[in-house]
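Structure file target-v8.txt (compact mmCIF, C-alpha atoms) follows.
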# COMPACT_ATOMS: atom_id res chain seq x y z
CA MET F 9 201.38 63.87 4.30
CA SER F 10 204.88 62.79 5.17
CA LYS F 11 205.22 60.28 7.97
CA THR F 12 206.47 61.54 11.29
CA LYS F 13 207.67 59.78 14.40
CA LYS F 14 207.49 60.33 18.10
CA ALA F 15 209.88 59.31 20.88
CA VAL F 16 209.40 59.49 24.64
CA PHE F 17 212.03 59.41 27.39
CA LYS F 18 211.00 59.31 31.06
CA VAL F 19 213.02 59.37 34.26
CA LEU F 20 212.47 60.00 37.96
CA ILE F 21 214.72 62.82 39.17
CA GLU F 22 215.17 62.90 42.92
CA ALA F 23 215.22 66.68 43.33
CA PRO F 24 212.76 69.52 43.91
CA ILE F 25 210.75 70.49 40.82
CA GLU F 26 212.10 74.07 40.98
CA ASP F 27 215.70 72.80 40.66
CA VAL F 28 214.84 70.68 37.63
CA TRP F 29 212.97 73.55 35.98
CA ARG F 30 215.78 76.04 36.68
CA GLU F 31 218.41 73.75 35.18
CA LEU F 32 216.24 72.95 32.15
CA THR F 33 215.51 76.56 31.25
CA ARG F 34 218.67 78.38 32.27
CA THR F 35 220.16 80.79 29.77
CA ASP F 36 223.07 82.05 31.90
CA ALA F 37 225.32 78.99 31.68
CA LEU F 38 226.39 76.16 29.42
CA LEU F 39 223.92 73.28 29.58
CA PRO F 40 225.83 70.02 30.00
CA PHE F 41 222.67 68.04 29.33
CA PHE F 42 222.37 69.81 25.98
CA PHE F 43 225.87 68.96 24.74
CA ASN F 44 227.32 71.97 26.55
CA SER F 45 225.33 74.47 24.52
CA ARG F 46 224.00 77.77 25.73
CA MET F 47 220.36 78.61 25.20
CA GLU F 48 219.81 82.03 23.73
CA THR F 49 216.43 83.72 23.59
CA PRO F 50 215.21 87.31 23.93
CA GLY F 51 212.74 86.03 26.53
CA LEU F 52 211.39 82.69 27.68
CA GLU F 53 207.82 83.15 26.50
CA VAL F 54 205.46 81.74 23.91
CA GLY F 55 206.33 82.88 20.41
CA ALA F 56 209.91 83.83 21.28
CA PRO F 57 212.71 82.46 19.12
CA MET F 58 215.47 80.41 20.73
CA ARG F 59 218.76 78.95 19.58
CA MET F 60 221.33 76.61 21.05
CA GLN F 61 224.88 77.87 20.65
CA SER F 62 228.19 76.11 21.03
CA ALA F 63 230.30 76.99 24.08
CA SER F 64 232.33 79.52 22.07
CA GLY F 65 229.21 81.06 20.57
CA LYS F 66 230.65 80.55 17.08
CA TYR F 67 228.12 77.94 16.02
CA THR F 68 224.39 77.50 16.37
CA GLY F 69 223.33 73.85 16.30
CA VAL F 70 219.60 74.10 16.91
CA ILE F 71 217.00 76.78 16.30
CA GLY F 72 213.40 76.90 17.38
CA GLU F 73 210.43 78.86 18.56
CA ILE F 74 208.92 78.56 22.03
CA LEU F 75 205.46 77.00 21.78
CA GLU F 76 204.58 76.56 25.47
CA TYR F 77 206.15 77.93 28.61
CA THR F 78 204.37 77.01 31.84
CA PRO F 79 206.79 77.03 34.81
CA PRO F 80 207.51 74.63 36.41
CA THR F 81 205.64 71.92 34.52
CA ARG F 82 205.79 72.30 30.76
CA TYR F 83 208.14 73.74 28.19
CA SER F 84 207.89 73.11 24.48
CA HIS F 85 209.63 74.46 21.42
CA THR F 86 210.11 73.72 17.75
CA PHE F 87 213.45 72.13 17.04
CA ARG F 88 215.50 72.21 13.90
CA PHE F 89 219.10 71.20 13.35
CA THR F 90 220.89 73.97 11.43
CA ASN F 91 223.20 71.52 9.64
CA LEU F 92 220.27 69.58 8.15
CA ASP F 93 217.57 70.58 5.71
CA ASP F 94 214.91 68.48 7.48
CA SER F 95 211.72 70.17 8.56
CA PRO F 96 211.55 71.06 12.26
CA CYS F 97 210.08 68.79 14.90
CA ARG F 98 208.74 69.61 18.35
CA VAL F 99 210.34 68.97 21.72
CA THR F 100 208.27 69.04 24.91
CA TYR F 101 209.55 68.74 28.45
CA GLU F 102 207.00 67.69 31.07
CA LEU F 103 207.70 67.84 34.80
CA LYS F 104 205.37 66.27 37.32
CA GLU F 105 205.87 66.16 41.08
CA VAL F 106 205.62 62.60 42.37
CA ALA F 107 206.58 60.88 45.62
CA GLY F 108 210.37 61.08 45.88
CA GLY F 109 210.98 63.70 43.22
CA VAL F 110 209.98 64.72 39.74
CA GLU F 111 208.80 62.58 36.87
CA PHE F 112 210.65 64.13 33.96
CA LYS F 113 209.55 63.43 30.42
CA LEU F 114 211.10 64.45 27.13
CA ILE F 115 208.73 64.02 24.21
CA ALA F 116 209.96 64.58 20.68
CA ASP F 117 207.28 64.46 18.03
CA GLY F 118 206.75 65.48 14.44
CA ILE F 119 210.15 63.94 13.72
CA PRO F 120 210.46 63.50 9.95
CA ALA F 121 210.77 59.70 9.51
CA GLY F 122 213.85 58.21 7.89
CA THR F 123 215.92 61.39 8.25
CA LYS F 124 219.11 62.27 10.09
CA THR F 125 216.93 64.34 12.44
CA GLU F 126 215.24 61.09 13.47
CA LYS F 127 218.58 59.46 14.18
CA TYR F 128 219.89 62.42 16.20
CA MET F 129 216.65 62.78 18.17
CA THR F 130 216.41 59.15 19.24
CA GLN F 131 220.07 59.03 20.25
CA GLY F 132 220.12 62.47 21.86
CA GLY F 133 217.00 62.05 24.00
CA ASP F 134 218.56 59.37 26.14
CA TYR F 135 221.67 61.51 26.71
CA ILE F 136 219.67 64.63 27.59
CA VAL F 137 217.41 62.92 30.12
CA LYS F 138 220.22 61.00 31.79
CA THR F 139 222.61 63.93 31.99
CA LEU F 140 219.97 66.32 33.31
CA LYS F 141 219.16 63.79 36.06
CA ALA F 142 222.83 63.57 37.04
CA VAL F 143 223.32 67.34 36.99
CA VAL F 144 220.31 68.06 39.19
CA GLU F 145 220.72 65.13 41.60
CA GLU F 146 224.48 64.82 41.96
CA ARG F 147 225.79 68.10 40.59
CA SER F 148 228.27 66.01 38.61
CA LEU F 149 228.43 64.37 35.22
CA PRO F 150 228.61 60.67 34.30
CA PHE F 151 231.69 59.62 32.32
CA GLN F 152 229.76 59.15 29.08
CA SER F 153 228.41 62.72 29.28
CA ARG F 154 231.86 64.15 30.02
CA PHE F 155 233.24 62.20 27.08
CA ILE F 156 230.55 63.43 24.69
CA ILE F 157 231.05 67.04 25.83
CA LEU F 158 234.80 66.67 25.28
CA MET F 159 234.16 65.30 21.78
CA CYS F 160 231.87 68.25 21.01
CA LYS F 161 234.65 70.59 22.08
CA LEU F 162 237.33 68.80 20.07
CA THR F 163 235.23 68.60 16.92
CA GLU F 164 233.82 72.15 17.10
CA ARG F 165 236.22 73.42 14.44
CA PHE F 166 234.89 70.80 12.02
CA THR F 167 231.33 72.09 12.37
CA PRO F 168 229.88 72.84 8.91
CA ALA F 169 230.08 76.50 7.91
CA LYS F 170 226.31 76.60 7.48
CA CYS F 171 226.01 76.37 11.30
CA ARG F 172 227.93 79.61 11.92
CA SER F 173 225.95 81.71 14.37
CA GLU F 174 225.87 84.80 12.16
CA LEU F 175 223.75 82.84 9.68
CA TRP F 176 221.13 82.11 12.35
CA PRO F 177 220.30 85.43 14.01
CA LEU F 178 217.60 85.14 16.64
CA GLY F 179 215.26 87.48 14.80
CA ASN F 180 215.03 85.12 11.85
CA VAL F 181 214.33 81.99 13.81
CA SER F 182 210.58 82.33 13.85
CA SER F 183 210.42 82.68 10.10
CA THR F 184 212.56 79.60 9.52
CA ALA F 185 211.17 77.35 12.23
CA SER F 186 207.58 78.43 12.55
CA LYS F 187 205.38 76.02 14.43
CA ASP F 188 203.27 75.87 11.27
CA HIS F 189 206.04 73.85 9.71
CA VAL F 190 206.09 71.14 12.33
CA VAL F 191 204.20 68.30 10.71
CA LEU F 192 202.32 66.09 13.14
CA ASP F 193 200.46 62.97 12.14
CA GLU F 194 196.89 63.61 13.17
CA GLU F 195 194.79 60.89 14.69
CA MET X 13 218.10 52.35 44.19
CA ASN X 14 216.59 48.86 44.50
CA ALA X 15 213.12 50.37 44.62
CA LEU X 16 213.91 51.67 41.17
CA PHE X 17 215.44 48.48 39.78
CA ASP X 18 213.14 45.83 41.27
CA PRO X 19 210.14 46.60 39.04
CA VAL X 20 212.44 46.70 36.00
CA PHE X 21 213.89 43.24 36.62
CA ARG X 22 210.48 41.85 37.54
CA ALA X 23 209.05 43.24 34.31
CA LEU X 24 211.90 41.84 32.24
CA ALA X 25 211.69 38.42 33.89
CA HIS X 26 208.76 37.27 31.73
CA PRO X 27 209.40 36.17 28.11
CA ASP X 28 206.06 37.56 26.88
CA ARG X 29 206.82 40.95 28.39
CA ARG X 30 210.21 41.00 26.69
CA LYS X 31 208.47 40.21 23.39
CA ILE X 32 205.97 43.02 24.00
CA LEU X 33 208.87 45.36 24.69
CA ASP X 34 210.55 44.30 21.43
CA TYR X 35 207.32 44.96 19.56
CA VAL X 36 206.76 48.41 21.10
CA LYS X 37 210.37 49.37 20.48
CA GLU X 38 210.00 48.45 16.81
CA ASN X 39 206.55 50.07 16.57
CA PRO X 40 206.62 53.30 18.58
CA GLY X 41 203.11 54.62 19.12
CA ALA X 42 201.48 51.17 18.96
CA SER X 43 198.07 50.93 20.64
CA ILE X 44 197.08 48.18 23.06
CA ASN X 45 194.99 46.70 20.23
CA ASP X 46 198.03 46.60 17.97
CA VAL X 47 200.02 44.80 20.65
CA SER X 48 197.33 42.28 21.53
CA SER X 49 196.72 41.44 17.87
CA GLU X 50 200.38 40.41 17.68
CA PHE X 51 200.18 37.96 20.57
CA SER X 52 198.21 34.79 21.09
CA SER X 53 197.56 35.53 24.78
CA SER X 54 194.27 37.12 25.79
CA ARG X 55 193.83 40.89 25.67
CA ILE X 56 193.50 40.90 29.47
CA ALA X 57 196.85 39.12 29.83
CA VAL X 58 198.51 41.52 27.39
CA MET X 59 197.08 44.51 29.27
CA LYS X 60 198.43 43.12 32.51
CA HIS X 61 201.87 42.71 30.99
CA ILE X 62 201.77 46.26 29.63
CA ARG X 63 200.82 47.54 33.08
CA ARG X 64 203.86 45.78 34.57
CA LEU X 65 206.09 47.32 31.90
CA GLU X 66 204.61 50.73 32.59
CA GLU X 67 205.19 50.37 36.34
CA ALA X 68 208.85 49.75 35.52
CA SER X 69 208.87 52.80 33.17
CA LEU X 70 210.02 50.52 30.36
CA ILE X 71 206.90 51.55 28.50
CA VAL X 72 205.44 55.04 28.62
CA SER X 73 201.90 55.59 27.40
CA GLU X 74 200.70 58.83 25.93
CA LYS X 75 197.06 59.66 25.36
CA GLU X 76 196.64 60.85 21.79
CA GLY X 77 193.06 61.59 20.92
CA ARG X 78 191.09 58.65 22.21
CA VAL X 79 193.88 56.14 21.82
CA ARG X 80 196.54 55.32 24.38
CA ARG X 81 199.81 55.00 22.47
CA LEU X 82 202.78 53.08 23.81
CA TYR X 83 206.44 54.03 23.59
CA PHE X 84 209.55 52.17 24.68
CA ASN X 85 211.52 54.15 27.27
CA VAL X 86 215.21 53.31 27.15
CA ILE X 87 216.15 55.08 30.40
CA PRO X 88 215.76 52.14 32.87
CA ILE X 89 217.96 49.97 30.63
CA GLN X 90 220.52 52.76 30.41
CA MET X 91 220.52 53.01 34.23
CA ILE X 92 221.19 49.27 34.57
CA TYR X 93 224.06 49.71 32.14
CA ASP X 94 225.39 52.72 34.06
CA ARG X 95 225.30 50.81 37.34
CA TRP X 96 227.49 47.95 36.23
CA THR X 97 229.78 49.40 33.59
CA ASP X 98 232.51 51.98 33.70
CA GLU X 99 234.45 53.64 30.91
CA TYR X 100 236.99 50.84 30.65
CA SER X 101 234.64 47.86 30.80
CA ALA X 102 232.15 49.59 28.48
CA LEU X 103 234.77 49.91 25.77
CA TRP X 104 235.82 46.28 25.93
CA ALA X 105 232.35 44.88 26.47
CA LYS X 106 231.15 46.68 23.36
CA GLN X 107 234.01 45.28 21.29
CA ILE X 108 233.36 41.76 22.57
CA THR X 109 229.59 41.81 21.94
CA LYS X 110 230.21 43.28 18.47
CA PHE X 111 232.63 40.44 17.78
CA LYS X 112 230.06 37.88 19.00
CA TYR X 113 227.20 39.33 16.87
CA LYS X 114 229.40 39.47 13.79
CA LEU X 115 230.53 35.86 14.10
CA GLU X 116 227.04 34.63 14.87
CA ALA X 117 225.54 36.50 11.91
CA GLY X 118 228.24 34.95 9.71
CA SER X 119 227.57 31.44 10.93
CA ARG X 120 223.79 31.91 10.62
CA SER X 121 224.06 33.02 7.01
CA ARG X 122 226.40 30.11 6.23
CA ALA X 123 223.88 27.70 7.79
CA ARG X 124 221.10 29.23 5.69
CA LYS X 125 223.13 28.82 2.51
CA LYS X 126 223.85 25.22 3.39
CA ARG X 127 220.14 24.49 3.87
CA ALA X 128 219.20 26.19 0.60
What would you get if you wrote out this structure as structure tokens?
Amino acid sequence: MSKTKKAVFKVLIEAPIEDVWRELTRTDALLPFFFNSRMETPGLEVGAPMRMQSASGKYTGVIGEILEYTPPTRYSHTFRFTNLDDSPCRVTYELKEVAGGVEFKLIADGIPAGTKTEKYMTQGGDYIVKTLKAVVEERSLPFQSRFIILMCKLTERFTPAKCRSELWPLGNVSSTASKDHVVLDEE
Amino acid sequence: MNALFDPVFRALAHPDRRKILDYVKENPGASINDVSSEFSSSRIAVMKHIRRLEEASLIVSEKEGRVRRLYFNVIPIQMIYDRWTDEYSALWAKQITKFKYKLEAGSRSRARKKRA
């Protein structure tokens, strides 16, 4: 079996758990913590396909299938970059109420080792967790996040053609990113 | 804010804990056994260090089956960075540290060649 990796990012967010959950799972606005993408899904429920689209809607960067959806504590989906041929991994968000706020965890596992997916996931996790914290707590974005979002916008027209949204219709997501294809190293 | 940073600096203040952090960063998913086999200190001492690192959120442990697996969490380090850098200083600081690492790597490899 191919080797897979796991990465964990944890932060305390000083905000009510409902606010964190709402921001994490919203489909009606661009998500600054997810590189200003919009989450598209026919319904936030287990088994539903989801995809992350660029601000213009022209490109789809990530596709997946919802594996767990337990408001306001746990949300998990398969995760595959459309520009790469790597097998999908799994992303899980865990929210736990603690004194002073919410312990927010992003766990990425089943990451195919030695791939570009691994590189993107370990770099992206830090950005996602940090930006989500800023958005929920301060309602504003740190410079680094604003810069990265600007870069995404400027480079959108150089996105590979294979990421064009029409190639990744929502109906097909489950067949291309089935949870059966996420390889996890068993104990 | 200090309540958040104090445990991080306390955790980082011990050389053994910094070494443990290096090891866990390089070996995500390491068990406590893996860590203690790498260090000459007693298992109890290693467990105590890991607890300190966990209190500071520098290490996050995840129960997988019967084993507790350890992962390095970069977020507290990122928050230290965010507190004392801004866009301008970050740019220059990065250039300067890159310059330092490059020169040092060059002089280390020259010293190795000389010894050989």
Please check the contacts: residues of chain F at most 8 Å away from chain X, using only C-alpha atoms, listed as a PyMOL selection string. chain F and resi 13-19+134+137-138+151-152+195
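The spacing separating CA of Ser153 (chain F) from CA of Asp117 (chain F) amounts to 24.0 Å.
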Using all atoms listed in the file, which residues sit within 12 Å of Glu126 (chain F) once same-chain residues fewer than 6 positions away are excluded, as a PyMOL selection string? chain F and resi 11-15+87-89+92+94-98+116-120+132-133
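Closest approach to Arg63 (chain X) among X:Gln107, X:Trp96, X:Leu33, X:Ala15 is made by X:Leu33 (distances from all atoms listed in the file).
Shortest atom-to-atom contact with Ile62 (chain X) among X:Lys114, X:Arg81, X:Arg124, X:Lys75: X:Arg81, counting only C-alpha atoms.
CA of Pro177 (chain F) sits 11.9 Å away from CA of Gly65 (chain F).
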7 Å contact set for Asn91 (chain F), all atoms listed in the file, chain neighbours under 6 positions out, as an mmCIF file with C-alpha atoms, in the frame of the given file:
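The resulting file, result.cif, is shown below:
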data_model
loop_
_atom_site.group_PDB
_atom_site.id
_atom_site.type_symbol
_atom_site.label_atom_id
_atom_site.label_comp_id
_atom_site.auth_asym_id
_atom_site.auth_seq_id
_atom_site.Cartn_x
_atom_site.Cartn_y
_atom_site.Cartn_z
ATOM 1 C CA PRO F 168 229.880 72.840 8.910
ATOM 2 C CA LYS F 170 226.310 76.600 7.480
ATOM 3 C CA CYS F 171 226.010 76.370 11.300
#
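With all atoms listed in the file as the atoms that count, the minimum distance from Arg172 (chain F) to the choices F:Leu20, F:Met58, F:Leu192, F:Val70 is reached by F:Val70.
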Between CA of Ala56 (chain F) and CA of Asp93 (chain F), what is the distance in Å, rounded to a tenth? 21.8 Å
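Residues surrounding Ala23 (chain F) within 9 Å are Val28, Gly108, Gly109, Val110, Lys141, Val144 and Glu145 of chain F [only C-alpha atoms; sequence separation below 5 positions excluded].
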If you keep C-alpha atoms, can you produce a file of those selected residues as a PDB file, in the coordinates of the input?
ATOM      1  CA  VAL F  28     214.840  70.680  37.630  1.00  0.00           C
ATOM      2  CA  GLY F 108     210.370  61.080  45.880  1.00  0.00           C
ATOM      3  CA  GLY F 109     210.980  63.700  43.220  1.00  0.00           C
ATOM      4  CA  VAL F 110     209.980  64.720  39.740  1.00  0.00           C
ATOM      5  CA  LYS F 141     219.160  63.790  36.060  1.00  0.00           C
ATOM      6  CA  VAL F 144     220.310  68.060  39.190  1.00  0.00           C
ATOM      7  CA  GLU F 145     220.720  65.130  41.600  1.00  0.00           C
TER       8      GLU F 145
END
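Minimum distance to Arg154 (chain F) across F:Met129, F:Leu32, F:Ala142, F:Leu103 (counting all atoms listed in the file) occurs at F:Ala142.
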Looking at all atoms listed in the file, which of F:Ser64, F:Ile21, F:Glu174, F:Pro40 is the one that sits closest to Lys113 (chain F)? F:Ile21
So that I can check the surroundings of Lys60 (chain X), please list as an NGL selection string every protein, DNA and RNA residue that reaches within 12 Å of it, counting all atoms listed in the file and ignoring chain neighbours fewer than 3 positions away. :X and (23 or 26 or 28-29 or 32 or 44 or 48 or 53-57 or 63-67)
For Leu38 (chain F): contacts at 10 Å, only C-alpha atoms, fewer than 2 positions along chain excluded, given as a PyMOL selection string: chain F and resi 34-36+40-47+60-63
Would you output that residue set with C-alpha atoms, as a PDB file, in the frame of the given file?
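Okay, part.pdb is ready:
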ATOM      1  CA  ARG F  34     218.670  78.380  32.270  1.00  0.00           C
ATOM      2  CA  THR F  35     220.160  80.790  29.770  1.00  0.00           C
ATOM      3  CA  ASP F  36     223.070  82.050  31.900  1.00  0.00           C
ATOM      4  CA  PRO F  40     225.830  70.020  30.000  1.00  0.00           C
ATOM      5  CA  PHE F  41     222.670  68.040  29.330  1.00  0.00           C
ATOM      6  CA  PHE F  42     222.370  69.810  25.980  1.00  0.00           C
ATOM      7  CA  PHE F  43     225.870  68.960  24.740  1.00  0.00           C
ATOM      8  CA  ASN F  44     227.320  71.970  26.550  1.00  0.00           C
ATOM      9  CA  SER F  45     225.330  74.470  24.520  1.00  0.00           C
ATOM     10  CA  ARG F  46     224.000  77.770  25.730  1.00  0.00           C
ATOM     11  CA  MET F  47     220.360  78.610  25.200  1.00  0.00           C
ATOM     12  CA  MET F  60     221.330  76.610  21.050  1.00  0.00           C
ATOM     13  CA  GLN F  61     224.880  77.870  20.650  1.00  0.00           C
ATOM     14  CA  SER F  62     228.190  76.110  21.030  1.00  0.00           C
ATOM     15  CA  ALA F  63     230.300  76.990  24.080  1.00  0.00           C
TER      16      ALA F  63
END
Got a minute to add N, CA and C atoms to region 20-47 of chain X and dump it as a PDB file, in the coordinates of the input?
ATOM      1  N   VAL X  20     211.875  46.876  37.347  1.00  0.00           N
ATOM      2  CA  VAL X  20     212.440  46.700  36.000  1.00  0.00           C
ATOM      3  C   VAL X  20     212.810  45.231  35.789  1.00  0.00           C
ATOM      4  N   PHE X  21     213.502  44.657  36.775  1.00  0.00           N
ATOM      5  CA  PHE X  21     213.890  43.240  36.620  1.00  0.00           C
ATOM      6  C   PHE X  21     212.672  42.328  36.661  1.00  0.00           C
ATOM      7  N   ARG X  22     211.697  42.667  37.510  1.00  0.00           N
ATOM      8  CA  ARG X  22     210.480  41.850  37.540  1.00  0.00           C
ATOM      9  C   ARG X  22     209.785  41.894  36.180  1.00  0.00           C
ATOM     10  N   ALA X  23     209.732  43.083  35.611  1.00  0.00           N
ATOM     11  CA  ALA X  23     209.050  43.240  34.310  1.00  0.00           C
ATOM     12  C   ALA X  23     209.789  42.465  33.223  1.00  0.00           C
ATOM     13  N   LEU X  24     211.109  42.491  33.282  1.00  0.00           N
ATOM     14  CA  LEU X  24     211.900  41.840  32.240  1.00  0.00           C
ATOM     15  C   LEU X  24     211.991  40.323  32.419  1.00  0.00           C
ATOM     16  N   ALA X  25     211.524  39.841  33.586  1.00  0.00           N
ATOM     17  CA  ALA X  25     211.690  38.420  33.890  1.00  0.00           C
ATOM     18  C   ALA X  25     210.724  37.520  33.131  1.00  0.00           C
ATOM     19  N   HIS X  26     209.755  38.086  32.431  1.00  0.00           N
ATOM     20  CA  HIS X  26     208.760  37.270  31.730  1.00  0.00           C
ATOM     21  C   HIS X  26     208.993  37.333  30.213  1.00  0.00           C
ATOM     22  N   PRO X  27     209.085  36.148  29.550  1.00  0.00           N
ATOM     23  CA  PRO X  27     209.400  36.170  28.110  1.00  0.00           C
ATOM     24  C   PRO X  27     208.357  36.938  27.287  1.00  0.00           C
ATOM     25  N   ASP X  28     207.085  36.833  27.646  1.00  0.00           N
ATOM     26  CA  ASP X  28     206.060  37.560  26.880  1.00  0.00           C
ATOM     27  C   ASP X  28     206.248  39.075  27.001  1.00  0.00           C
ATOM     28  N   ARG X  29     206.637  39.500  28.214  1.00  0.00           N
ATOM     29  CA  ARG X  29     206.820  40.950  28.390  1.00  0.00           C
ATOM     30  C   ARG X  29     208.038  41.434  27.604  1.00  0.00           C
ATOM     31  N   ARG X  30     209.049  40.604  27.498  1.00  0.00           N
ATOM     32  CA  ARG X  30     210.210  41.000  26.690  1.00  0.00           C
ATOM     33  C   ARG X  30     209.814  41.103  25.216  1.00  0.00           C
ATOM     34  N   LYS X  31     208.933  40.155  24.789  1.00  0.00           N
ATOM     35  CA  LYS X  31     208.470  40.210  23.390  1.00  0.00           C
ATOM     36  C   LYS X  31     207.631  41.470  23.159  1.00  0.00           C
ATOM     37  N   ILE X  32     206.792  41.805  24.128  1.00  0.00           N
ATOM     38  CA  ILE X  32     205.970  43.020  24.000  1.00  0.00           C
ATOM     39  C   ILE X  32     206.881  44.247  23.891  1.00  0.00           C
ATOM     40  N   LEU X  33     207.924  44.246  24.713  1.00  0.00           N
ATOM     41  CA  LEU X  33     208.870  45.360  24.690  1.00  0.00           C
ATOM     42  C   LEU X  33     209.559  45.465  23.321  1.00  0.00           C
ATOM     43  N   ASP X  34     209.948  44.308  22.775  1.00  0.00           N
ATOM     44  CA  ASP X  34     210.550  44.300  21.430  1.00  0.00           C
ATOM     45  C   ASP X  34     209.581  44.917  20.423  1.00  0.00           C
ATOM     46  N   TYR X  35     208.313  44.484  20.521  1.00  0.00           N
ATOM     47  CA  TYR X  35     207.320  44.960  19.560  1.00  0.00           C
ATOM     48  C   TYR X  35     207.115  46.475  19.670  1.00  0.00           C
ATOM     49  N   VAL X  36     207.002  46.966  20.909  1.00  0.00           N
ATOM     50  CA  VAL X  36     206.760  48.410  21.100  1.00  0.00           C
ATOM     51  C   VAL X  36     207.979  49.217  20.669  1.00  0.00           C
ATOM     52  N   LYS X  37     209.152  48.672  20.909  1.00  0.00           N
ATOM     53  CA  LYS X  37     210.370  49.370  20.480  1.00  0.00           C
ATOM     54  C   LYS X  37     210.384  49.514  18.963  1.00  0.00           C
ATOM     55  N   GLU X  38     210.000  48.422  18.278  1.00  0.00           N
ATOM     56  CA  GLU X  38     210.000  48.450  16.810  1.00  0.00           C
ATOM     57  C   GLU X  38     208.823  49.258  16.255  1.00  0.00           C
ATOM     58  N   ASN X  39     207.756  49.380  17.048  1.00  0.00           N
ATOM     59  CA  ASN X  39     206.550  50.070  16.570  1.00  0.00           C
ATOM     60  C   ASN X  39     206.141  51.174  17.541  1.00  0.00           C
ATOM     61  N   PRO X  40     206.957  52.254  17.620  1.00  0.00           N
ATOM     62  CA  PRO X  40     206.620  53.300  18.580  1.00  0.00           C
ATOM     63  C   PRO X  40     205.233  53.880  18.270  1.00  0.00           C
ATOM     64  N   GLY X  41     204.448  54.077  19.323  1.00  0.00           N
ATOM     65  CA  GLY X  41     203.110  54.620  19.120  1.00  0.00           C
ATOM     66  C   GLY X  41     202.059  53.543  18.913  1.00  0.00           C
ATOM     67  N   ALA X  42     202.443  52.268  19.111  1.00  0.00           N
ATOM     68  CA  ALA X  42     201.480  51.170  18.960  1.00  0.00           C
ATOM     69  C   ALA X  42     200.379  51.309  20.010  1.00  0.00           C
ATOM     70  N   SER X  43     199.163  50.916  19.657  1.00  0.00           N
ATOM     71  CA  SER X  43     198.070  50.930  20.640  1.00  0.00           C
ATOM     72  C   SER X  43     198.024  49.569  21.320  1.00  0.00           C
ATOM     73  N   ILE X  44     197.217  49.470  22.382  1.00  0.00           N
ATOM     74  CA  ILE X  44     197.080  48.180  23.060  1.00  0.00           C
ATOM     75  C   ILE X  44     196.488  47.152  22.092  1.00  0.00           C
ATOM     76  N   ASN X  45     195.564  47.597  21.254  1.00  0.00           N
ATOM     77  CA  ASN X  45     194.990  46.700  20.230  1.00  0.00           C
ATOM     78  C   ASN X  45     196.059  46.153  19.299  1.00  0.00           C
ATOM     79  N   ASP X  46     196.946  47.041  18.866  1.00  0.00           N
ATOM     80  CA  ASP X  46     198.030  46.600  17.970  1.00  0.00           C
ATOM     81  C   ASP X  46     198.850  45.517  18.654  1.00  0.00           C
ATOM     82  N   VAL X  47     199.184  45.756  19.937  1.00  0.00           N
ATOM     83  CA  VAL X  47     200.020  44.800  20.650  1.00  0.00           C
ATOM     84  C   VAL X  47     199.263  43.480  20.808  1.00  0.00           C
TER      85      VAL X  47
END
